[in-house]
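Asks: Data file structure-v8.pdb (PDB, C-alpha atoms, pLDDT in the B column) is appended below.
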```pdb
ATOM      1  CA  MET A   1      51.299   1.708   9.192  1.00 85.00           C
ATOM      2  CA  THR A   2      49.340   3.018  12.154  1.00 94.00           C
ATOM      3  CA  THR A   3      46.547   5.476  11.410  1.00 97.00           C
ATOM      4  CA  LEU A   4      45.134   7.710  14.119  1.00 98.00           C
ATOM      5  CA  TYR A   5      41.361   8.167  13.755  1.00 98.00           C
ATOM      6  CA  ILE A   6      39.682  10.991  15.644  1.00 97.00           C
ATOM      7  CA  ASP A   7      35.919  11.113  16.141  1.00 95.00           C
ATOM      8  CA  ALA A   8      36.266  14.852  15.737  1.00 94.00           C
ATOM      9  CA  ASP A   9      32.825  16.255  16.538  1.00 85.00           C
ATOM     10  CA  ALA A  10      33.231  17.875  19.971  1.00 83.00           C
ATOM     11  CA  CYS A  11      36.673  16.301  20.531  1.00 92.00           C
ATOM     12  CA  PRO A  12      38.678  18.542  22.879  1.00 93.00           C
ATOM     13  CA  VAL A  13      42.103  17.030  22.088  1.00 96.00           C
ATOM     14  CA  LYS A  14      42.471  17.403  18.314  1.00 95.00           C
ATOM     15  CA  ASP A  15      45.549  19.645  18.586  1.00 94.00           C
ATOM     16  CA  GLU A  16      47.253  17.325  21.064  1.00 95.00           C
ATOM     17  CA  ALA A  17      46.513  14.306  18.870  1.00 97.00           C
ATOM     18  CA  GLU A  18      47.995  16.096  15.868  1.00 97.00           C
ATOM     19  CA  ARG A  19      51.233  16.771  17.760  1.00 96.00           C
ATOM     20  CA  VAL A  20      51.561  13.109  18.729  1.00 97.00           C
ATOM     21  CA  ALA A  21      50.691  11.876  15.211  1.00 97.00           C
ATOM     22  CA  THR A  22      53.313  14.226  13.772  1.00 97.00           C
ATOM     23  CA  ARG A  23      55.960  12.957  16.192  1.00 96.00           C
ATOM     24  CA  PHE A  24      55.193   9.375  15.113  1.00 96.00           C
ATOM     25  CA  LYS A  25      54.858  10.387  11.437  1.00 96.00           C
ATOM     26  CA  ALA A  26      51.450   8.692  11.403  1.00 97.00           C
ATOM     27  CA  PRO A  27      48.517   9.740   9.243  1.00 98.00           C
ATOM     28  CA  MET A  28      45.649  11.229  11.214  1.00 98.00           C
ATOM     29  CA  LYS A  29      42.042  11.327  10.055  1.00 98.00           C
ATOM     30  CA  LEU A  30      39.711  13.881  11.658  1.00 97.00           C
ATOM     31  CA  VAL A  31      36.240  12.580  10.885  1.00 96.00           C
ATOM     32  CA  SER A  32      33.148  14.768  11.277  1.00 94.00           C
ATOM     33  CA  ASN A  33      30.141  16.067   9.425  1.00 90.00           C
ATOM     34  CA  GLY A  34      31.798  19.460   8.906  1.00 85.00           C
ATOM     35  CA  GLY A  35      32.905  22.591  10.644  1.00 82.00           C
ATOM     36  CA  LEU A  36      36.565  21.720  11.239  1.00 88.00           C
ATOM     37  CA  ARG A  37      39.419  24.102  10.623  1.00 88.00           C
ATOM     38  CA  PRO A  38      41.808  22.673   8.020  1.00 89.00           C
ATOM     39  CA  SER A  39      45.314  21.781   9.116  1.00 91.00           C
ATOM     40  CA  ARG A  40      48.442  22.628   7.151  1.00 94.00           C
ATOM     41  CA  ASN A  41      49.978  19.409   8.384  1.00 96.00           C
ATOM     42  CA  PRO A  42      50.281  16.975   5.444  1.00 97.00           C
ATOM     43  CA  LEU A  43      49.683  14.038   7.818  1.00 97.00           C
ATOM     44  CA  VAL A  44      46.241  15.346   8.803  1.00 97.00           C
ATOM     45  CA  GLU A  45      43.260  14.605   6.600  1.00 96.00           C
ATOM     46  CA  ILE A  46      39.877  16.125   7.333  1.00 95.00           C
ATOM     47  CA  VAL A  47      37.173  13.654   6.372  1.00 96.00           C
ATOM     48  CA  VAL A  48      33.740  15.243   6.036  1.00 94.00           C
ATOM     49  CA  VAL A  49      30.902  12.743   5.986  1.00 95.00           C
ATOM     50  CA  GLU A  50      27.231  13.286   5.268  1.00 93.00           C
ATOM     51  CA  ALA A  51      25.117  14.690   8.073  1.00 88.00           C
ATOM     52  CA  GLY A  52      23.186  12.072   9.955  1.00 85.00           C
ATOM     53  CA  PRO A  53      23.258   9.996  13.088  1.00 83.00           C
ATOM     54  CA  ASP A  54      26.399   7.908  13.464  1.00 88.00           C
ATOM     55  CA  VAL A  55      27.662   8.504   9.895  1.00 93.00           C
ATOM     56  CA  ALA A  56      31.114   9.584  11.137  1.00 93.00           C
ATOM     57  CA  ASP A  57      31.176   6.661  13.566  1.00 93.00           C
ATOM     58  CA  MET A  58      30.393   4.171  10.814  1.00 95.00           C
ATOM     59  CA  TRP A  59      33.099   5.663   8.586  1.00 97.00           C
ATOM     60  CA  ILE A  60      35.685   5.120  11.322  1.00 97.00           C
ATOM     61  CA  ALA A  61      34.360   1.664  12.273  1.00 97.00           C
ATOM     62  CA  ASP A  62      34.574   0.535   8.642  1.00 97.00           C
ATOM     63  CA  ARG A  63      38.276   1.448   8.436  1.00 97.00           C
ATOM     64  CA  ALA A  64      39.936   1.152  11.856  1.00 97.00           C
ATOM     65  CA  GLY A  65      41.583  -2.138  12.671  1.00 95.00           C
ATOM     66  CA  LYS A  66      44.605  -3.862  14.126  1.00 94.00           C
ATOM     67  CA  GLY A  67      47.520  -1.470  14.471  1.00 94.00           C
ATOM     68  CA  ASP A  68      45.327   1.655  14.440  1.00 97.00           C
ATOM     69  CA  VAL A  69      44.408   4.013  17.274  1.00 97.00           C
ATOM     70  CA  VAL A  70      40.960   5.584  17.666  1.00 97.00           C
ATOM     71  CA  VAL A  71      40.008   8.527  19.886  1.00 97.00           C
ATOM     72  CA  THR A  72      36.311   8.719  20.738  1.00 95.00           C
ATOM     73  CA  ASN A  73      33.815   9.163  23.545  1.00 90.00           C
ATOM     74  CA  ASP A  74      31.232   7.149  21.610  1.00 91.00           C
ATOM     75  CA  ILE A  75      30.941   3.768  23.350  1.00 90.00           C
ATOM     76  CA  PRO A  76      29.260   1.810  20.509  1.00 92.00           C
ATOM     77  CA  LEU A  77      31.950   3.080  18.100  1.00 94.00           C
ATOM     78  CA  ALA A  78      34.621   2.134  20.617  1.00 94.00           C
ATOM     79  CA  ALA A  79      33.161  -1.379  20.899  1.00 94.00           C
ATOM     80  CA  LYS A  80      33.293  -1.881  17.125  1.00 95.00           C
ATOM     81  CA  CYS A  81      36.867  -0.615  16.948  1.00 96.00           C
ATOM     82  CA  VAL A  82      38.003  -2.782  19.877  1.00 95.00           C
ATOM     83  CA  GLU A  83      36.390  -5.786  18.164  1.00 95.00           C
ATOM     84  CA  ALA A  84      38.304  -4.920  14.974  1.00 96.00           C
ATOM     85  CA  GLY A  85      41.589  -4.899  16.915  1.00 94.00           C
ATOM     86  CA  ALA A  86      42.195  -1.151  17.186  1.00 95.00           C
ATOM     87  CA  GLN A  87      43.371   0.546  20.349  1.00 95.00           C
ATOM     88  CA  VAL A  88      40.750   2.973  21.656  1.00 96.00           C
ATOM     89  CA  LEU A  89      41.168   5.979  23.925  1.00 96.00           C
ATOM     90  CA  ARG A  90      38.762   8.517  25.298  1.00 94.00           C
ATOM     91  CA  PRO A  91      39.808  12.181  25.207  1.00 95.00           C
ATOM     92  CA  ASP A  92      40.417  12.021  28.975  1.00 92.00           C
ATOM     93  CA  GLY A  93      43.076   9.358  28.408  1.00 94.00           C
ATOM     94  CA  SER A  94      41.063   6.379  29.638  1.00 92.00           C
ATOM     95  CA  ILE A  95      41.546   3.215  27.635  1.00 92.00           C
ATOM     96  CA  LEU A  96      38.661   1.191  26.233  1.00 93.00           C
ATOM     97  CA  ASN A  97      39.517  -2.433  25.523  1.00 92.00           C
ATOM     98  CA  GLY A  98      38.132  -5.948  25.533  1.00 85.00           C
ATOM     99  CA  ALA A  99      38.326  -6.107  29.324  1.00 83.00           C
ATOM    100  CA  ASN A 100      36.116  -3.082  29.970  1.00 80.00           C
ATOM    101  CA  ILE A 101      34.052  -2.307  26.858  1.00 79.00           C
ATOM    102  CA  GLY A 102      31.149  -4.585  27.886  1.00 72.00           C
ATOM    103  CA  GLN A 103      30.841  -2.795  31.212  1.00 76.00           C
ATOM    104  CA  GLN A 104      30.993   0.590  29.450  1.00 74.00           C
ATOM    105  CA  LEU A 105      28.202  -0.439  27.048  1.00 70.00           C
ATOM    106  CA  ALA A 106      26.059  -1.620  29.973  1.00 69.00           C
ATOM    107  CA  MET A 107      26.663   1.647  31.868  1.00 72.00           C
ATOM    108  CA  ARG A 108      25.765   3.671  28.779  1.00 65.00           C
ATOM    109  CA  ASP A 109      22.505   1.753  28.406  1.00 65.00           C
ATOM    110  CA  LEU A 110      21.694   2.129  32.113  1.00 64.00           C
ATOM    111  CA  MET A 111      22.246   5.886  31.976  1.00 62.00           C
ATOM    112  CA  ALA A 112      20.047   6.161  28.870  1.00 66.00           C
ATOM    113  CA  ASP A 113      17.287   4.279  30.720  1.00 63.00           C
ATOM    114  CA  LEU A 114      17.628   6.562  33.766  1.00 64.00           C
ATOM    115  CA  ARG A 115      17.410   9.672  31.589  1.00 66.00           C
ATOM    116  CA  ALA A 116      14.354   8.281  29.803  1.00 71.00           C
ATOM    117  CA  ALA A 117      12.642   7.495  33.113  1.00 74.00           C
ATOM    118  CA  ASP A 118      13.252  10.994  34.493  1.00 74.00           C
ATOM    119  CA  PRO A 119      13.130  13.653  31.756  1.00 70.00           C
ATOM    120  CA  PHE A 120      14.089  16.328  34.303  1.00 70.00           C
ATOM    121  CA  ARG A 121      17.320  14.565  35.226  1.00 65.00           C
ATOM    122  CA  GLN A 122      20.188  16.777  34.223  1.00 64.00           C
ATOM    123  CA  GLY A 123      23.270  15.250  32.664  1.00 60.00           C
ATOM    124  CA  GLY A 124      26.118  16.263  34.897  1.00 58.00           C
ATOM    125  CA  GLY A 125      29.321  15.282  33.213  1.00 62.00           C
ATOM    126  CA  LYS A 126      32.444  16.707  34.752  1.00 70.00           C
ATOM    127  CA  SER A 127      34.309  19.414  32.894  1.00 79.00           C
ATOM    128  CA  PHE A 128      37.422  18.629  30.879  1.00 79.00           C
ATOM    129  CA  SER A 129      40.547  19.473  32.887  1.00 87.00           C
ATOM    130  CA  LYS A 130      44.259  20.018  32.348  1.00 90.00           C
ATOM    131  CA  ALA A 131      44.825  16.687  34.106  1.00 91.00           C
ATOM    132  CA  ASP A 132      42.533  14.977  31.561  1.00 90.00           C
ATOM    133  CA  ARG A 133      44.545  16.545  28.735  1.00 91.00           C
ATOM    134  CA  SER A 134      47.810  15.396  30.289  1.00 93.00           C
ATOM    135  CA  ARG A 135      46.476  11.838  30.807  1.00 94.00           C
ATOM    136  CA  PHE A 136      45.330  11.803  27.175  1.00 96.00           C
ATOM    137  CA  LEU A 137      48.764  12.820  25.877  1.00 95.00           C
ATOM    138  CA  ASP A 138      50.467  10.141  27.948  1.00 96.00           C
ATOM    139  CA  ALA A 139      47.950   7.449  26.935  1.00 96.00           C
ATOM    140  CA  LEU A 140      48.095   8.387  23.240  1.00 97.00           C
ATOM    141  CA  ASP A 141      51.890   8.325  23.258  1.00 96.00           C
ATOM    142  CA  ARG A 142      51.837   4.817  24.794  1.00 95.00           C
ATOM    143  CA  ALA A 143      49.151   3.610  22.354  1.00 95.00           C
ATOM    144  CA  MET A 144      51.073   4.919  19.336  1.00 96.00           C
ATOM    145  CA  ARG A 145      54.291   3.271  20.526  1.00 94.00           C
ATOM    146  CA  GLN A 146      52.478  -0.015  21.061  1.00 92.00           C
ATOM    147  CA  ALA A 147      50.750   0.226  17.663  1.00 89.00           C
ATOM    148  CA  ALA A 148      54.088   0.907  15.947  1.00 83.00           C
ATOM    149  CA  LYS A 149      55.489  -2.311  17.438  1.00 82.00           C
ATOM    150  CA  GLY A 150      52.648  -4.253  15.811  1.00 69.00           C
TER     151      GLY A 150
END
```
Take the structure in the file and write it out as C-alpha cells.
Replies:
Amino acid sequence: MTTLYIDADACPVKDEAERVATRFKAPMKLVSNGGLRPSRNPLVEIVVVEAGPDVADMWIADRAGKGDVVVTNDIPLAAKCVEAGAQVLRPDGSILNGANIGQQLAMRDLMADLRAADPFRQGGGKSFSKADRSRFLDALDRAMRQAAKG
C-alpha cells in the first residue's frame, strides 16, 4: 500500500496532501520535530521526532521506498528517497527523480558555496503562489495514481 510521507516542517501543502491521501485512502505521515496541529483524519499520523538536524529527514529516508510518495524541499532527503524507489515531489509540484536529482544536489551545493563566500548575499526564494499549489495538487494526484498501479 502506498504511504504518503510529508517532510512537514514548513511545508505549505499539508492540507492539500491530506485531501489527496484521503481520496486515495492512503496513510499519510506528517513528520516533524513538533508543533503540528493534530488531524481528525484516521489516515493521518503525526510523527514527532527528536529535535536535531535532519532527524525528521532520516526518519522518512529509513521508511520510504518503492510505491511510496514523499513531499519535501530537502534535496539530500529527496535523493535518498529517489534511490530507495519512492516518488518525490516538491511542494510547488516539481518532480525529483533519477534524471534530475544529481543536478539538484549540485545546484544546492553551488548555492551553499555562494552563500558562504558572500555572507551578505540574501536568499531570494520566490514566494509560494496559487499556481504552485495547483501544480502540486495535480502532480500529487498523478504520483498517487502511479504509485497505486505499482
Asks: Determine the nearest neighbour of A:Asn97 from the options A:Val69, A:Pro38, A:Phe120, A:Arg145, counting all atoms listed in the file.
Replies: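 Nearest to A:Asn97: A:Val69.
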Asks: Between A:Ala61, A:Gln103, A:Ser129, A:Met1, single out the one closest to A:Gly85, counting only C-alpha atoms.
Replies: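 Of A:Ala61, A:Gln103, A:Ser129, A:Met1, the one nearest A:Gly85 is A:Ala61, counting only C-alpha atoms.
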Asks: To test your reading of the syntax: which residues would the PyMOL selection byres ((chain A and resi 2) around 6) return for the file shown? Reply as a PDB file with C-alpha atoms, in the frame of the given file.
Replies:
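Listed below is the output, result_15.pdb:
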```pdb
ATOM      1  CA  MET A   1      51.299   1.708   9.192  1.00 85.00           C
ATOM      2  CA  THR A   3      46.547   5.476  11.410  1.00 97.00           C
ATOM      3  CA  GLY A  67      47.520  -1.470  14.471  1.00 94.00           C
ATOM      4  CA  ASP A  68      45.327   1.655  14.440  1.00 97.00           C
TER       5      ASP A  68
END
```
Asks: What is the atom CA of A:Ala139 to atom CA of A:Leu43 distance in Å?
Replies: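 Taking atom CA of A:Ala139 and atom CA of A:Leu43, their separation equals 20.3 Å.
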Asks: Could you tell me how far atom CA of A:Asn33 lies from atom CA of A:Ala56, in Å and to one decimal?
Replies: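 Atom-to-atom, atom CA of A:Asn33 and atom CA of A:Ala56 are spaced 6.8 Å apart.
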Asks: Apply the PyMOL selection byres ((chain A and resi 82) around 9) to the file shown and report the selected residues as a PyMOL selection string.
Replies: chain A and resi 65-66+77-81+83-88+96-98+101
Asks: What would the file look like if the residues just selected were written as a PDB file, in the frame of the given file with C-alpha atoms?
Replies:
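Final file, selection27.pdb:
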```pdb
ATOM      1  CA  GLY A  65      41.583  -2.138  12.671  1.00 95.00           C
ATOM      2  CA  LYS A  66      44.605  -3.862  14.126  1.00 94.00           C
ATOM      3  CA  LEU A  77      31.950   3.080  18.100  1.00 94.00           C
ATOM      4  CA  ALA A  78      34.621   2.134  20.617  1.00 94.00           C
ATOM      5  CA  ALA A  79      33.161  -1.379  20.899  1.00 94.00           C
ATOM      6  CA  LYS A  80      33.293  -1.881  17.125  1.00 95.00           C
ATOM      7  CA  CYS A  81      36.867  -0.615  16.948  1.00 96.00           C
ATOM      8  CA  GLU A  83      36.390  -5.786  18.164  1.00 95.00           C
ATOM      9  CA  ALA A  84      38.304  -4.920  14.974  1.00 96.00           C
ATOM     10  CA  GLY A  85      41.589  -4.899  16.915  1.00 94.00           C
ATOM     11  CA  ALA A  86      42.195  -1.151  17.186  1.00 95.00           C
ATOM     12  CA  GLN A  87      43.371   0.546  20.349  1.00 95.00           C
ATOM     13  CA  VAL A  88      40.750   2.973  21.656  1.00 96.00           C
ATOM     14  CA  LEU A  96      38.661   1.191  26.233  1.00 93.00           C
ATOM     15  CA  ASN A  97      39.517  -2.433  25.523  1.00 92.00           C
ATOM     16  CA  GLY A  98      38.132  -5.948  25.533  1.00 85.00           C
ATOM     17  CA  ILE A 101      34.052  -2.307  26.858  1.00 79.00           C
TER      18      ILE A 101
END
```
Asks: Expressed in Å to a single decimal, how great is the separation between atom CA of A:Gly102 and atom CA of A:Leu140?
Replies: 21.8 Å
Asks: Considering only C-alpha atoms, can you say which of A:Leu89, A:Ile95, A:Ala64, A:Ala51 comes closest to A:Gly34?
Replies: A:Ala51
Asks: Counting all atoms listed in the file, which of A:Thr72, A:Ser94, A:Asn41, A:Ser32 gets nearest to A:Trp59?
Replies: A:Ser32
Asks: Find the residues around A:Phe128 up to 9 Å (only C-alpha atoms counted), leave out those fewer than 6 positions away in its own chain, and share them as a list of chain:residue names.
Replies: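 The residues satisfying every condition are A:Pro12, A:Pro91, A:Asp92.
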Asks: Could you dump the residues just selected with C-alpha atoms as a PDB file, in the frame of the given file?
Replies:
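As written to disk, out_9.pdb reads:
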```pdb
ATOM      1  CA  PRO A  12      38.678  18.542  22.879  1.00 93.00           C
ATOM      2  CA  PRO A  91      39.808  12.181  25.207  1.00 95.00           C
ATOM      3  CA  ASP A  92      40.417  12.021  28.975  1.00 92.00           C
TER       4      ASP A  92
END
```
Asks: Given only C-alpha atoms as the basis, pick out the residue of A:Leu105, A:Ala8, A:Met144, A:Ala116 nearest to A:Pro27.
Replies: A:Met144
Asks: Step by step, gather every atom of stretch 25-42 of chain A that the file lists, find the box along x, y and z that holds them, add 3 Å on each side, and finally give centre and edge lengths in Å to one decimal, as JSON.
Replies:
```
{"center_x": 42.5, "center_y": 16.4, "center_z": 8.6, "size_x": 30.7, "size_y": 21.4, "size_z": 12.2}
```
Asks: Using all atoms listed in the file, which residue out of A:Val31, A:Val49, A:Val70, A:Ala131 lies closest to A:Leu4?
Replies: A:Val70
Asks: Any chance you could turn stretch 53-66 of chain A into a file with all heavy atoms, as a PDB file, in the first residue's frame?
Replies:
```pdb
ATOM      1  N   PRO A  53      19.286  18.281  13.853  1.00  0.00           N
ATOM      2  CA  PRO A  53      19.408  18.429  12.405  1.00  0.00           C
ATOM      3  C   PRO A  53      19.119  17.113  11.679  1.00  0.00           C
ATOM      4  O   PRO A  53      19.674  16.075  12.027  1.00  0.00           O
ATOM      5  CB  PRO A  53      20.854  18.889  12.198  1.00  0.00           C
ATOM      6  CG  PRO A  53      21.571  18.607  13.470  1.00  0.00           C
ATOM      7  CD  PRO A  53      20.545  18.500  14.545  1.00  0.00           C
ATOM      8  N   ASP A  54      18.241  17.188  10.726  1.00  0.00           N
ATOM      9  CA  ASP A  54      17.937  16.080   9.819  1.00  0.00           C
ATOM     10  C   ASP A  54      17.312  14.850  10.471  1.00  0.00           C
ATOM     11  O   ASP A  54      17.254  13.792   9.849  1.00  0.00           O
ATOM     12  CB  ASP A  54      19.194  15.657   9.037  1.00  0.00           C
ATOM     13  CG  ASP A  54      19.785  16.799   8.243  1.00  0.00           C
ATOM     14  OD1 ASP A  54      19.002  17.618   7.734  1.00  0.00           O
ATOM     15  OD2 ASP A  54      21.026  16.870   8.139  1.00  0.00           O
ATOM     16  N   VAL A  55      16.825  14.947  11.698  1.00  0.00           N
ATOM     17  CA  VAL A  55      16.212  13.781  12.355  1.00  0.00           C
ATOM     18  C   VAL A  55      14.931  13.375  11.616  1.00  0.00           C
ATOM     19  O   VAL A  55      14.708  12.197  11.351  1.00  0.00           O
ATOM     20  CB  VAL A  55      15.949  14.054  13.851  1.00  0.00           C
ATOM     21  CG1 VAL A  55      15.234  12.878  14.500  1.00  0.00           C
ATOM     22  CG2 VAL A  55      17.256  14.351  14.582  1.00  0.00           C
ATOM     23  N   ALA A  56      14.092  14.350  11.273  1.00  0.00           N
ATOM     24  CA  ALA A  56      12.861  14.035  10.530  1.00  0.00           C
ATOM     25  C   ALA A  56      13.199  13.460   9.156  1.00  0.00           C
ATOM     26  O   ALA A  56      12.570  12.500   8.695  1.00  0.00           O
ATOM     27  CB  ALA A  56      11.988  15.278  10.394  1.00  0.00           C
ATOM     28  N   ASP A  57      14.211  14.020   8.518  1.00  0.00           N
ATOM     29  CA  ASP A  57      14.616  13.535   7.196  1.00  0.00           C
ATOM     30  C   ASP A  57      15.070  12.074   7.267  1.00  0.00           C
ATOM     31  O   ASP A  57      14.703  11.255   6.419  1.00  0.00           O
ATOM     32  CB  ASP A  57      15.759  14.389   6.634  1.00  0.00           C
ATOM     33  CG  ASP A  57      15.354  15.833   6.424  1.00  0.00           C
ATOM     34  OD1 ASP A  57      14.143  16.131   6.442  1.00  0.00           O
ATOM     35  OD2 ASP A  57      16.254  16.671   6.251  1.00  0.00           O
ATOM     36  N   MET A  58      15.855  11.758   8.278  1.00  0.00           N
ATOM     37  CA  MET A  58      16.344  10.385   8.414  1.00  0.00           C
ATOM     38  C   MET A  58      15.194   9.419   8.698  1.00  0.00           C
ATOM     39  O   MET A  58      15.192   8.287   8.204  1.00  0.00           O
ATOM     40  CB  MET A  58      17.399  10.290   9.521  1.00  0.00           C
ATOM     41  CG  MET A  58      18.666  11.085   9.216  1.00  0.00           C
ATOM     42  SD  MET A  58      19.299  10.870   7.553  1.00  0.00           S
ATOM     43  CE  MET A  58      20.050   9.288   7.675  1.00  0.00           C
ATOM     44  N   TRP A  59      14.209   9.860   9.473  1.00  0.00           N
ATOM     45  CA  TRP A  59      13.059   9.013   9.771  1.00  0.00           C
ATOM     46  C   TRP A  59      12.342   8.651   8.470  1.00  0.00           C
ATOM     47  O   TRP A  59      11.994   7.490   8.234  1.00  0.00           O
ATOM     48  CB  TRP A  59      12.110   9.729  10.736  1.00  0.00           C
ATOM     49  CG  TRP A  59      11.064   8.831  11.321  1.00  0.00           C
ATOM     50  CD1 TRP A  59      11.121   8.179  12.518  1.00  0.00           C
ATOM     51  CD2 TRP A  59       9.798   8.470  10.731  1.00  0.00           C
ATOM     52  NE1 TRP A  59       9.973   7.435  12.700  1.00  0.00           N
ATOM     53  CE2 TRP A  59       9.148   7.596  11.618  1.00  0.00           C
ATOM     54  CE3 TRP A  59       9.164   8.791   9.543  1.00  0.00           C
ATOM     55  CZ2 TRP A  59       7.899   7.052  11.359  1.00  0.00           C
ATOM     56  CZ3 TRP A  59       7.916   8.256   9.273  1.00  0.00           C
ATOM     57  CH2 TRP A  59       7.298   7.387  10.188  1.00  0.00           C
ATOM     58  N   ILE A  60      12.128   9.653   7.627  1.00  0.00           N
ATOM     59  CA  ILE A  60      11.450   9.412   6.348  1.00  0.00           C
ATOM     60  C   ILE A  60      12.321   8.532   5.457  1.00  0.00           C
ATOM     61  O   ILE A  60      11.842   7.542   4.876  1.00  0.00           O
ATOM     62  CB  ILE A  60      11.109  10.737   5.643  1.00  0.00           C
ATOM     63  CG1 ILE A  60      10.071  11.521   6.458  1.00  0.00           C
ATOM     64  CG2 ILE A  60      10.598  10.483   4.221  1.00  0.00           C
ATOM     65  CD1 ILE A  60       9.844  12.949   5.985  1.00  0.00           C
ATOM     66  N   ALA A  61      13.601   8.869   5.336  1.00  0.00           N
ATOM     67  CA  ALA A  61      14.511   8.126   4.453  1.00  0.00           C
ATOM     68  C   ALA A  61      14.609   6.657   4.850  1.00  0.00           C
ATOM     69  O   ALA A  61      14.750   5.788   3.986  1.00  0.00           O
ATOM     70  CB  ALA A  61      15.897   8.768   4.463  1.00  0.00           C
ATOM     71  N   ASP A  62      14.507   6.372   6.142  1.00  0.00           N
ATOM     72  CA  ASP A  62      14.586   4.992   6.615  1.00  0.00           C
ATOM     73  C   ASP A  62      13.335   4.184   6.278  1.00  0.00           C
ATOM     74  O   ASP A  62      13.372   2.953   6.352  1.00  0.00           O
ATOM     75  CB  ASP A  62      14.803   4.950   8.133  1.00  0.00           C
ATOM     76  CG  ASP A  62      16.201   5.373   8.541  1.00  0.00           C
ATOM     77  OD1 ASP A  62      17.094   5.442   7.666  1.00  0.00           O
ATOM     78  OD2 ASP A  62      16.395   5.666   9.739  1.00  0.00           O
ATOM     79  N   ARG A  63      12.242   4.836   5.925  1.00  0.00           N
ATOM     80  CA  ARG A  63      10.974   4.129   5.724  1.00  0.00           C
ATOM     81  C   ARG A  63      10.423   4.199   4.302  1.00  0.00           C
ATOM     82  O   ARG A  63       9.737   3.287   3.858  1.00  0.00           O
ATOM     83  CB  ARG A  63       9.938   4.670   6.704  1.00  0.00           C
ATOM     84  CG  ARG A  63      10.238   4.230   8.132  1.00  0.00           C
ATOM     85  CD  ARG A  63       9.566   5.111   9.159  1.00  0.00           C
ATOM     86  NE  ARG A  63       9.864   4.652  10.509  1.00  0.00           N
ATOM     87  CZ  ARG A  63      10.980   4.941  11.175  1.00  0.00           C
ATOM     88  NH1 ARG A  63      11.906   5.705  10.616  1.00  0.00           N
ATOM     89  NH2 ARG A  63      11.184   4.487  12.399  1.00  0.00           N
ATOM     90  N   ALA A  64      10.653   5.289   3.607  1.00  0.00           N
ATOM     91  CA  ALA A  64      10.075   5.465   2.268  1.00  0.00           C
ATOM     92  C   ALA A  64      10.774   4.559   1.264  1.00  0.00           C
ATOM     93  O   ALA A  64      11.991   4.396   1.302  1.00  0.00           O
ATOM     94  CB  ALA A  64      10.191   6.926   1.835  1.00  0.00           C
ATOM     95  N   GLY A  65       9.973   3.998   0.373  1.00  0.00           N
ATOM     96  CA  GLY A  65      10.544   3.118  -0.641  1.00  0.00           C
ATOM     97  C   GLY A  65       9.628   2.996  -1.844  1.00  0.00           C
ATOM     98  O   GLY A  65       8.726   3.804  -2.040  1.00  0.00           O
ATOM     99  N   LYS A  66       9.856   1.961  -2.607  1.00  0.00           N
ATOM    100  CA  LYS A  66       9.081   1.741  -3.833  1.00  0.00           C
ATOM    101  C   LYS A  66       7.587   1.720  -3.513  1.00  0.00           C
ATOM    102  O   LYS A  66       7.151   1.093  -2.563  1.00  0.00           O
ATOM    103  CB  LYS A  66       9.496   0.412  -4.457  1.00  0.00           C
ATOM    104  CG  LYS A  66       8.878   0.181  -5.813  1.00  0.00           C
ATOM    105  CD  LYS A  66       9.600  -0.920  -6.547  1.00  0.00           C
ATOM    106  CE  LYS A  66       8.974  -1.244  -7.872  1.00  0.00           C
ATOM    107  NZ  LYS A  66       8.792  -0.151  -8.769  1.00  0.00           N
TER     108      LYS A  66
END
```
